[in-house]
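Asker: Quick one, entry_27.txt (compact mmCIF, C-alpha atoms):
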# COMPACT_ATOMS: atom_id res chain seq x y z
CA MET A 800 45.35 20.49 -131.29
CA GLU A 801 46.96 20.66 -134.72
CA ASN A 802 50.66 21.49 -135.00
CA GLN A 803 51.16 21.03 -131.27
CA LYS A 804 54.86 20.55 -130.52
CA THR A 805 56.37 18.41 -127.80
CA ILE A 806 59.29 19.67 -125.73
CA THR A 807 61.52 16.72 -124.93
CA ILE A 808 63.22 16.66 -121.52
CA PRO A 809 65.60 13.75 -120.84
CA GLN A 810 64.64 11.76 -117.75
CA GLU A 811 68.04 12.44 -116.19
CA PHE A 812 67.12 16.11 -115.73
CA LYS A 813 63.62 15.67 -114.25
CA ARG A 814 64.70 16.58 -110.68
CA LEU A 815 65.20 20.15 -111.88
CA PHE A 816 61.42 20.54 -111.85
CA ASP A 817 61.35 19.82 -108.11
CA LEU A 818 61.47 22.51 -105.44
CA ASP A 819 63.27 20.68 -102.61
CA TRP A 820 66.84 21.66 -103.56
CA ARG A 821 68.65 24.98 -103.20
CA GLU A 822 71.62 24.67 -105.62
CA ALA A 823 72.14 22.33 -108.57
CA ALA A 824 75.45 21.43 -110.19
CA VAL A 825 74.81 20.19 -113.72
CA TYR A 826 78.12 19.26 -115.29
CA GLY A 827 79.75 16.95 -117.79
CA GLY A 828 81.42 16.73 -121.17
CA ARG A 829 80.58 18.07 -124.57
CA TYR A 830 77.16 17.38 -126.10
CA SER A 831 75.55 16.29 -122.85
CA LEU A 832 72.51 18.50 -123.59
CA LYS A 833 73.00 20.60 -120.45
CA SER A 834 72.32 24.10 -121.75
CA HIS A 835 69.52 23.18 -124.14
CA THR A 836 67.74 21.10 -121.50
CA ILE A 837 68.06 23.72 -118.75
CA ALA A 838 66.75 26.38 -121.13
CA ARG A 839 63.73 24.18 -121.97
CA ILE A 840 63.04 23.49 -118.31
CA LEU A 841 63.18 27.18 -117.42
CA LEU A 842 60.77 28.09 -120.22
CA ILE A 843 58.35 25.40 -119.03
CA ARG A 844 58.58 26.54 -115.41
CA ALA A 845 58.07 30.15 -116.52
CA ARG A 846 54.81 29.08 -118.15
CA GLN A 847 53.62 27.08 -115.14
CA SER A 848 53.76 30.00 -112.70
CA LYS A 849 55.03 33.55 -112.45
CA ILE A 850 58.76 33.51 -111.75
CA ARG A 851 61.79 35.72 -112.33
CA VAL A 852 64.74 33.94 -113.95
CA ALA A 853 68.13 35.63 -113.84
CA CYS A 854 70.62 34.28 -116.38
CA PHE A 855 74.20 34.95 -115.33
CA ARG A 856 77.66 34.46 -116.76
CA GLU A 857 80.96 35.52 -115.27
CA PHE A 858 81.72 37.72 -118.27
CA GLN A 859 78.89 39.36 -120.19
CA ASN A 860 79.56 42.61 -121.96
CA SER A 861 76.51 42.48 -124.20
CA ILE A 862 73.34 40.45 -124.59
CA ALA A 863 75.14 38.48 -127.32
CA ASP A 864 77.34 36.92 -124.62
CA SER A 865 74.32 35.60 -122.71
CA SER A 866 71.80 32.75 -122.95
CA HIS A 867 69.29 35.14 -124.56
CA GLN A 868 69.78 33.76 -128.09
CA LEU A 869 69.38 30.13 -127.00
CA LEU A 870 66.11 30.90 -125.19
CA LYS A 871 64.88 32.95 -128.14
CA ASP A 872 65.66 30.11 -130.56
CA LEU A 873 63.76 27.61 -128.42
CA ILE A 874 60.77 29.95 -128.14
CA ASN A 875 60.68 30.16 -131.93
CA GLU A 876 61.29 26.42 -132.44
CA PHE A 877 58.43 25.39 -130.18
CA GLU A 878 56.20 28.33 -131.15
CA LEU A 879 55.74 29.54 -127.58
CA LYS A 880 53.65 32.54 -128.53
CA ASP A 881 52.99 33.54 -124.93
CA PHE A 882 56.58 34.87 -124.68
CA ARG A 883 57.58 38.32 -125.86
CA VAL A 884 61.28 38.63 -126.69
CA THR A 885 62.88 42.07 -126.46
CA ASP A 886 66.47 43.02 -127.14
CA ASN A 887 67.53 42.43 -123.54
CA SER A 888 64.76 40.49 -121.81
CA ILE A 889 62.12 37.79 -122.27
CA ILE A 890 58.64 38.16 -120.77
CA ASN A 891 55.68 35.79 -120.55
CA THR A 892 52.67 37.88 -121.52
CA VAL A 893 50.19 35.55 -119.78
CA ASN A 894 51.55 35.33 -116.23
CA GLY A 895 54.32 37.97 -116.13
CA SER A 896 57.32 35.64 -115.77
CA ASP A 897 60.50 37.32 -116.95
CA PHE A 898 64.11 36.53 -117.83
CA ILE A 899 66.95 38.97 -117.21
CA PHE A 900 70.62 38.68 -118.22
CA LYS A 901 73.70 39.93 -116.36
CA GLY A 902 77.45 39.42 -116.03
CA LEU A 903 78.94 38.69 -112.61
CA HIS A 904 82.52 39.91 -112.83
CA ASN A 905 83.08 43.26 -111.09
CA ASN A 906 79.32 43.84 -111.12
CA GLU A 907 78.64 43.54 -107.41
CA GLN A 908 76.28 46.51 -106.97
CA SER A 909 74.14 45.61 -109.98
CA ILE A 910 73.85 41.99 -108.84
CA LYS A 911 72.99 42.94 -105.26
CA SER A 912 70.27 45.32 -106.47
CA THR A 913 68.53 42.62 -108.53
CA GLU A 914 65.37 41.81 -106.61
CA GLY A 915 62.94 38.92 -106.61
CA ILE A 916 65.00 36.20 -108.29
CA ASP A 917 63.27 32.81 -108.17
CA ILE A 918 65.80 30.92 -110.28
CA ALA A 919 69.36 31.91 -111.13
CA TRP A 920 70.94 30.06 -114.04
CA ILE A 921 74.72 30.40 -114.17
CA GLU A 922 76.09 29.27 -117.54
CA GLU A 923 79.79 28.47 -118.21
CA ALA A 924 80.07 28.26 -114.44
CA GLN A 925 83.58 26.79 -114.59
CA THR A 926 84.81 30.35 -115.20
CA VAL A 927 83.01 31.87 -112.19
CA SER A 928 85.35 33.15 -109.49
CA ASN A 929 85.01 32.61 -105.74
CA THR A 930 84.36 36.35 -105.38
CA SER A 931 81.40 36.20 -107.77
CA LEU A 932 79.99 33.13 -105.99
CA GLU A 933 80.18 34.92 -102.66
CA VAL A 934 78.25 37.89 -104.10
CA LEU A 935 75.68 35.85 -105.99
CA THR A 936 74.46 33.26 -103.51
CA PRO A 937 73.23 35.66 -100.78
CA THR A 938 71.65 37.86 -103.49
CA VAL A 939 69.37 35.00 -104.56
CA ARG A 940 67.64 35.05 -101.20
CA LYS A 941 63.89 34.85 -101.93
CA PRO A 942 62.27 31.97 -99.97
CA GLY A 943 62.34 28.87 -102.16
CA SER A 944 64.76 30.41 -104.66
CA GLN A 945 67.15 28.14 -106.55
CA LEU A 946 70.50 28.35 -108.37
CA ILE A 947 71.44 26.14 -111.32
CA TYR A 948 75.09 25.98 -112.40
CA THR A 949 75.89 24.39 -115.77
CA TYR A 950 79.50 23.75 -116.65
CA ASN A 951 82.18 21.62 -118.27
CA ARG A 952 85.00 21.15 -115.80
CA LEU A 953 88.10 23.00 -116.95
CA LEU A 954 90.74 22.58 -114.26
CA GLU A 955 90.88 20.56 -111.07
CA ASP A 956 90.45 23.67 -108.92
CA ASP A 957 87.38 25.21 -110.60
CA PRO A 958 85.71 27.14 -107.73
CA VAL A 959 82.14 26.12 -108.58
CA HIS A 960 82.92 22.39 -108.61
CA HIS A 961 84.92 22.64 -105.42
CA ARG A 962 82.05 24.48 -103.72
CA LEU A 963 79.15 22.30 -104.81
CA VAL A 964 80.59 18.83 -105.37
CA LEU A 965 83.91 18.41 -103.57
CA GLU A 966 83.11 20.51 -100.51
CA GLY A 967 79.31 20.29 -100.71
CA ARG A 968 76.47 22.61 -99.71
CA PRO A 969 73.13 21.88 -97.99
CA ASN A 970 70.31 20.74 -100.29
CA THR A 971 72.53 20.51 -103.36
CA LEU A 972 71.43 18.51 -106.40
CA ILE A 973 74.24 16.90 -108.42
CA ILE A 974 73.63 15.91 -112.05
CA ASN A 975 76.62 14.55 -113.96
CA VAL A 976 75.83 13.86 -117.61
CA ASN A 977 77.83 13.15 -120.77
CA TYR A 978 77.26 12.53 -124.47
CA ASP A 979 75.58 9.17 -123.83
CA ILE A 980 72.46 11.18 -122.96
CA ALA A 981 72.36 12.58 -126.49
CA LEU A 982 72.88 9.11 -127.95
CA LYS A 983 70.15 7.63 -125.75
CA TYR A 984 67.58 10.18 -126.88
CA LYS A 985 68.81 10.22 -130.50
CA MET A 986 69.72 13.91 -130.24
CA MET A 987 73.35 13.71 -131.40
CA PRO A 988 74.01 14.52 -135.09
CA ASP A 989 76.15 12.01 -136.96
CA VAL A 990 78.88 14.59 -137.57
CA ILE A 991 79.30 15.06 -133.80
CA ARG A 992 79.15 11.31 -133.12
CA LEU A 993 81.90 10.64 -135.65
CA GLU A 994 84.08 13.35 -134.08
CA MET A 995 83.58 11.80 -130.66
CA GLU A 996 84.40 8.29 -131.90
CA ASP A 997 87.53 9.55 -133.66
CA ASP A 998 88.73 11.27 -130.47
CA LYS A 999 87.98 8.14 -128.45
CA GLU A 1000 90.08 5.96 -130.76
CA LYS A 1001 92.98 8.28 -131.59
CA ARG A 1002 93.16 10.81 -128.73
CA PRO A 1003 92.01 9.05 -125.55
CA ALA A 1004 93.32 11.72 -123.18
CA LEU A 1005 91.56 14.49 -125.11
CA TYR A 1006 88.45 12.29 -125.27
CA LYS A 1007 88.33 12.04 -121.48
CA HIS A 1008 88.52 15.81 -121.06
CA LYS A 1009 86.34 16.84 -123.99
CA TRP A 1010 83.63 14.19 -123.97
CA LEU A 1011 83.69 12.76 -120.43
CA GLY A 1012 84.17 16.12 -118.74
CA GLU A 1013 87.29 15.17 -116.79
CA PRO A 1014 89.27 18.25 -115.68
CA SER A 1015 92.69 19.12 -116.97
CA SER A 1016 95.61 19.48 -114.59
CA SER A 1017 96.79 23.02 -114.00
CA GLU A 1018 100.14 22.16 -115.61
CA ARG A 1019 98.37 22.04 -118.99
CA LYS A 1020 97.39 25.71 -118.77
CA ILE A 1021 99.69 27.68 -121.05
CA TYR A 1022 99.23 31.15 -119.55
CA LYS A 1023 98.68 31.89 -115.88
CA ASP A 1024 98.21 34.82 -113.53
CA TRP A 1025 96.85 37.31 -116.06
CA ALA A 1026 94.87 40.08 -114.36
CA ILE A 1027 91.43 41.29 -115.42
CA ILE A 1028 90.93 45.05 -115.22
CA ASP A 1029 87.90 47.30 -115.63
CA GLU A 1030 89.27 49.82 -118.13
CA ILE A 1031 92.41 50.84 -119.98
CA PRO A 1032 94.22 53.46 -117.88
CA HIS A 1033 94.50 56.90 -119.45
CA GLU A 1034 98.30 56.68 -119.28
CA ALA A 1035 98.46 53.39 -121.22
CA ARG A 1036 99.98 53.67 -124.71
CA LEU A 1037 98.58 51.82 -127.71
CA GLU A 1038 101.47 49.89 -129.27
CA ARG A 1039 100.17 47.27 -131.71
CA TYR A 1040 97.21 45.35 -133.03
CA GLY A 1041 97.50 41.58 -133.42
CA LEU A 1042 95.42 40.02 -136.23
CA ASP A 1043 94.59 36.34 -136.70
CA PHE A 1044 92.64 35.64 -139.89
CA GLY A 1045 89.51 33.53 -140.00
CA TYR A 1046 86.48 33.28 -142.21
CA SER A 1047 83.94 30.44 -142.50
CA ASN A 1048 84.92 28.07 -139.69
CA ASP A 1049 87.09 30.27 -137.48
CA PRO A 1050 86.64 33.85 -136.31
CA THR A 1051 88.90 36.70 -137.28
CA ALA A 1052 90.47 37.96 -134.05
CA ILE A 1053 91.89 41.46 -133.59
CA VAL A 1054 93.50 42.38 -130.27
CA ALA A 1055 94.83 45.80 -129.25
CA LEU A 1056 98.09 45.77 -127.28
CA TYR A 1057 98.84 48.59 -124.83
CA ARG A 1058 102.02 49.25 -122.86
CA TYR A 1059 101.50 50.29 -119.25
CA ASN A 1060 103.60 50.38 -116.11
CA GLY A 1061 106.12 47.78 -117.27
CA GLY A 1062 103.50 45.36 -118.59
CA PHE A 1063 100.96 44.93 -121.37
CA ILE A 1064 97.18 45.36 -121.52
CA LEU A 1065 95.06 43.39 -123.99
CA ASP A 1066 91.77 44.72 -125.34
CA GLU A 1067 89.50 42.76 -127.68
CA ILE A 1068 88.58 44.62 -130.86
CA THR A 1069 86.94 41.94 -133.02
CA TYR A 1070 86.09 38.25 -132.78
CA GLN A 1071 83.83 37.41 -135.71
CA LYS A 1072 83.41 34.90 -138.52
CA GLY A 1073 82.85 35.81 -142.16
CA LEU A 1074 84.77 39.09 -142.28
CA SER A 1075 86.20 40.12 -145.65
CA ASN A 1076 89.54 41.90 -145.89
CA LYS A 1077 87.66 45.13 -146.65
CA GLN A 1078 85.59 44.71 -143.48
CA ILE A 1079 88.72 44.03 -141.43
CA ALA A 1080 90.30 47.20 -142.82
CA ASP A 1081 87.13 49.18 -142.10
CA ILE A 1082 87.22 48.05 -138.47
CA LEU A 1083 90.87 49.00 -138.09
CA ASN A 1084 90.31 52.37 -139.79
CA THR A 1085 87.80 53.30 -137.08
CA LYS A 1086 90.40 52.69 -134.33
CA ASP A 1087 93.38 54.68 -133.16
CA LYS A 1088 96.34 54.17 -135.48
CA ALA A 1089 99.00 51.59 -134.64
CA LEU A 1090 101.03 48.96 -136.45
CA VAL A 1091 99.08 45.76 -137.20
CA ILE A 1092 100.93 42.43 -137.01
CA ALA A 1093 99.07 39.70 -138.88
CA ASP A 1094 99.38 35.98 -139.56
CA SER A 1095 102.02 35.63 -142.27
CA ALA A 1096 100.17 32.65 -143.77
CA GLU A 1097 97.84 35.13 -145.51
CA PRO A 1098 100.15 37.34 -147.66
CA LYS A 1099 97.43 38.23 -150.17
CA SER A 1100 95.10 39.34 -147.39
CA ILE A 1101 97.87 41.43 -145.86
CA ASP A 1102 98.54 43.13 -149.20
CA GLU A 1103 94.84 43.84 -149.73
CA ILE A 1104 94.39 45.29 -146.25
CA MET A 1105 97.49 47.42 -146.75
CA GLY A 1106 95.83 48.77 -149.89
CA TYR A 1107 93.04 50.16 -147.71
CA GLY A 1108 95.51 52.34 -145.84
CA ILE A 1109 96.34 50.05 -142.91
CA ASN A 1110 99.91 49.96 -141.56
CA ILE A 1111 100.25 46.16 -141.50
CA GLN A 1112 103.05 43.61 -141.69
CA PRO A 1113 103.31 39.83 -141.38
CA ALA A 1114 104.43 38.16 -138.18
CA LEU A 1115 107.86 36.58 -138.35
CA LYS A 1116 107.63 32.81 -138.41
CA GLY A 1117 110.12 29.99 -138.51
CA GLN A 1118 111.01 26.72 -136.90
CA GLY A 1119 110.03 26.81 -133.23
CA SER A 1120 108.50 30.28 -133.53
CA VAL A 1121 105.20 29.29 -131.86
CA ASN A 1122 106.80 27.96 -128.68
CA LYS A 1123 109.36 30.75 -128.69
CA GLY A 1124 106.53 33.28 -128.91
CA ILE A 1125 104.54 31.55 -126.17
CA GLN A 1126 107.56 31.57 -123.87
CA PHE A 1127 108.01 35.30 -124.45
CA VAL A 1128 104.34 35.99 -123.67
CA GLN A 1129 104.63 33.84 -120.52
CA ASP A 1130 107.43 36.11 -119.31
CA GLN A 1131 105.31 39.29 -119.57
CA ARG A 1132 102.99 40.89 -117.04
CA ILE A 1133 99.62 40.77 -118.79
CA SER A 1134 96.24 42.34 -118.02
CA ILE A 1135 92.95 41.92 -119.93
CA THR A 1136 90.04 44.35 -120.02
CA LYS A 1137 86.90 42.76 -118.61
CA ARG A 1138 84.96 43.48 -121.82
CA SER A 1139 87.34 41.15 -123.71
CA SER A 1140 85.17 38.08 -123.16
CA ASN A 1141 86.65 35.95 -125.94
CA ILE A 1142 90.23 36.68 -124.84
CA ILE A 1143 89.28 35.69 -121.30
CA GLN A 1144 87.59 32.50 -122.48
CA GLU A 1145 90.56 31.48 -124.62
CA TYR A 1146 93.02 32.39 -121.86
CA ASN A 1147 91.19 29.98 -119.56
CA LYS A 1148 90.98 27.21 -122.18
CA TYR A 1149 94.34 27.56 -123.93
CA LEU A 1150 96.09 24.32 -122.97
CA TRP A 1151 99.07 22.18 -123.88
CA GLN A 1152 98.22 18.93 -125.63
CA ILE A 1153 98.51 15.58 -123.91
CA ASP A 1154 99.62 12.34 -125.50
CA ARG A 1155 97.94 8.93 -125.29
CA LEU A 1156 99.58 8.34 -121.91
CA ASP A 1157 98.27 11.63 -120.47
CA LYS A 1158 101.72 13.21 -120.62
CA VAL A 1159 101.75 16.96 -121.28
CA ILE A 1160 103.55 17.87 -124.51
CA ASN A 1161 104.64 21.33 -125.61
CA ILE A 1162 102.17 21.69 -128.48
CA PRO A 1163 99.16 24.02 -127.98
CA GLU A 1164 95.76 22.39 -128.26
CA GLY A 1165 93.70 23.87 -131.09
CA GLY A 1166 90.25 25.41 -130.86
CA PHE A 1167 90.80 28.20 -128.34
CA ASP A 1168 93.78 29.90 -129.96
CA HIS A 1169 92.44 32.70 -132.19
CA THR A 1170 93.00 35.64 -129.84
CA MET A 1171 95.97 33.79 -128.35
CA ASP A 1172 97.66 33.74 -131.77
CA ALA A 1173 96.82 37.42 -132.38
CA ILE A 1174 98.38 38.31 -129.03
CA ARG A 1175 101.51 36.31 -129.83
CA TYR A 1176 101.85 38.04 -133.21
CA ALA A 1177 101.67 41.48 -131.59
CA LEU A 1178 104.14 40.63 -128.85
CA ASP A 1179 106.48 38.76 -131.20
CA THR A 1180 107.69 42.09 -132.56
CA TYR A 1181 109.19 42.83 -129.13
CA ASN A 1182 110.52 39.30 -128.83
CA ASN A 1183 112.27 39.45 -132.23
CA ALA A 1184 113.60 42.93 -131.51
CA ASN A 1185 115.17 41.64 -128.31
CA THR A 1186 116.80 38.66 -130.06
CA GLY A 1187 118.28 40.37 -133.08
CA GLY A 1188 115.38 39.89 -135.49
CA THR A 1189 114.44 42.56 -137.99
CA ILE A 1190 111.14 44.35 -137.49
CA PHE A 1191 109.50 47.30 -139.12
CA VAL A 1192 109.31 50.39 -136.90
CA PRO A 1193 106.72 53.04 -137.87
CA ASN A 1194 107.92 56.64 -138.14
CA ASN A 1195 105.98 57.70 -135.09
CA GLU A 1196 107.99 55.26 -132.95
CA LEU A 1197 111.44 56.40 -134.06
Can the structure in the file be given as structure tokens, please?

Answerer:
Amino acid sequence: MENQKTITIPQEFKRLFDLDWREAAVYGGRYSLKSHTIARILLIRARQSKIRVACFREFQNSIADSSHQLLKDLINEFELKDFRVTDNSIINTVNGSDFIFKGLHNNEQSIKSTEGIDIAWIEEAQTVSNTSLEVLTPTVRKPGSQLIYTYNRLLEDDPVHHRLVLEGRPNTLIINVNYDIALKYKMMPDVIRLEMEDDKEKRPALYKHKWLGEPSSSERKIYKDWAIIDEIPHEARLERYGLDFGYSNDPTAIVALYRYNGGFILDEITYQKGLSNKQIADILNTKDKALVIADSAEPKSIDEIMGYGINIQPALKGQGSVNKGIQFVQDQRISITKRSSNIIQEYNKYLWQIDRLDKVINIPEGGFDHTMDAIRYALDTYNNANTGGTIFVPNNEL
């Protein structure tokens, strides 16, 4: 047949086509082809026979947070015309197989009411809580049903790894893969290979965590014990917005800061690349009014946004201001709304750097710091007020 396309599945994943296992832990470092390969396998299995595939994540507030886009891209890439892609589901029009997408956190009733699951795929499983695992596993109860967990280990005590690998469960399949799979099958772009080789030579401790999937110790985690809540209480008072600028490579992050019952509540407003200053101002103009504290490295952007009617000022910076701000945030009682998926992800992955000897050093690791910086900017106004700094106070707070 002309134009027939071949779907490549690395040999290391072939056991996922078998039916003799109940749960599968598929884990490893960056660029180990886990998600792309699982997605391909599930599409193939959904063509072989009628199945229902439930794609879960711990935090999913919209379809954009799910594996929907990855599956859609693969369907288009391989021209799988027997699949019909809707806004929130994927259906095989030949045999009736379907894919559904749901979040696990605080979604117990919806998960329990999901019937007929043949395969559950849990992406970013390192973030899944013990509570969610206890709800999910008995829900996937159809005879012969299977659960696939894909994850990069984050900390030593990740619940999913403890459950499946350290403690163990009956009929569990363990697949540990790293970037060598991508090299073996010539599926790693040169730009990624060069990044990996640079980390291996210059940052061996980071290399082990990032590329070999070794967990970080809990002492590297910068923030701990933040609570996740369903909604912002009616009595909570909007105090500030924190704004961290991005554009091509990094997202612009806007976080709302509320004061409530002696602590602070964080709510994600925006986390998006490519936003102009006008678009940022438009977003803020649709929200309740409050002072915006922005990264002082962008004075022109601050001036332009101010010109659109936004009450905005630069964050105070100086020698040691980052660590000083982090320490102040660490001292606060913090809650995050469950819809704030990017805040939650960065909170879990915001770590101190380690040196070549694996010693923790008090410098934040980059990459998962966009909302974290926005939060620090917003809270820094309280920190500087308490230590004699000068801050601008809007008229409505006098």

Asker: What does the structure give for the distance between CA of Pro937 (chain A) and CA of Ile850 (chain A), in Å to one decimal?

Answerer: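 It comes out at 18.3 Å.
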
Asker: One decimal, in Å: what's the spacing between CA of Thr1051 (chain A) and CA of Asp1130 (chain A)?

Answerer: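 Between CA of Thr1051 (chain A) and CA of Asp1130 (chain A) the gap is 25.8 Å.
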
Asker: Give the answer as one residue: which of A:Asp1049, A:Ser1139, A:Ile837, A:Gly1041 has the shortest atom-to-atom distance to Gln1112 (chain A), using all atoms listed in the file?

Answerer: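 Nearest to Gln1112 (chain A): A:Gly1041.
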
Asker: Give me the residues near Tyr984 (chain A) as a list in words, where near means some atom within 10 Å (using all atoms listed in the file) and where sequence neighbours in that chain fewer than 6 positions away do not count.

Answerer: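 Once the nearby chain positions are removed, what remains is Thr807, Ile808, Pro809 and Gln810 of chain A.
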
Asker: Please compute the CA of Phe816 (chain A)-CA of Gln859 (chain A) distance, one decimal, in Å.

Answerer: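 If I compute the distance from CA of Phe816 (chain A) to CA of Gln859 (chain A), I get 27.0 Å.
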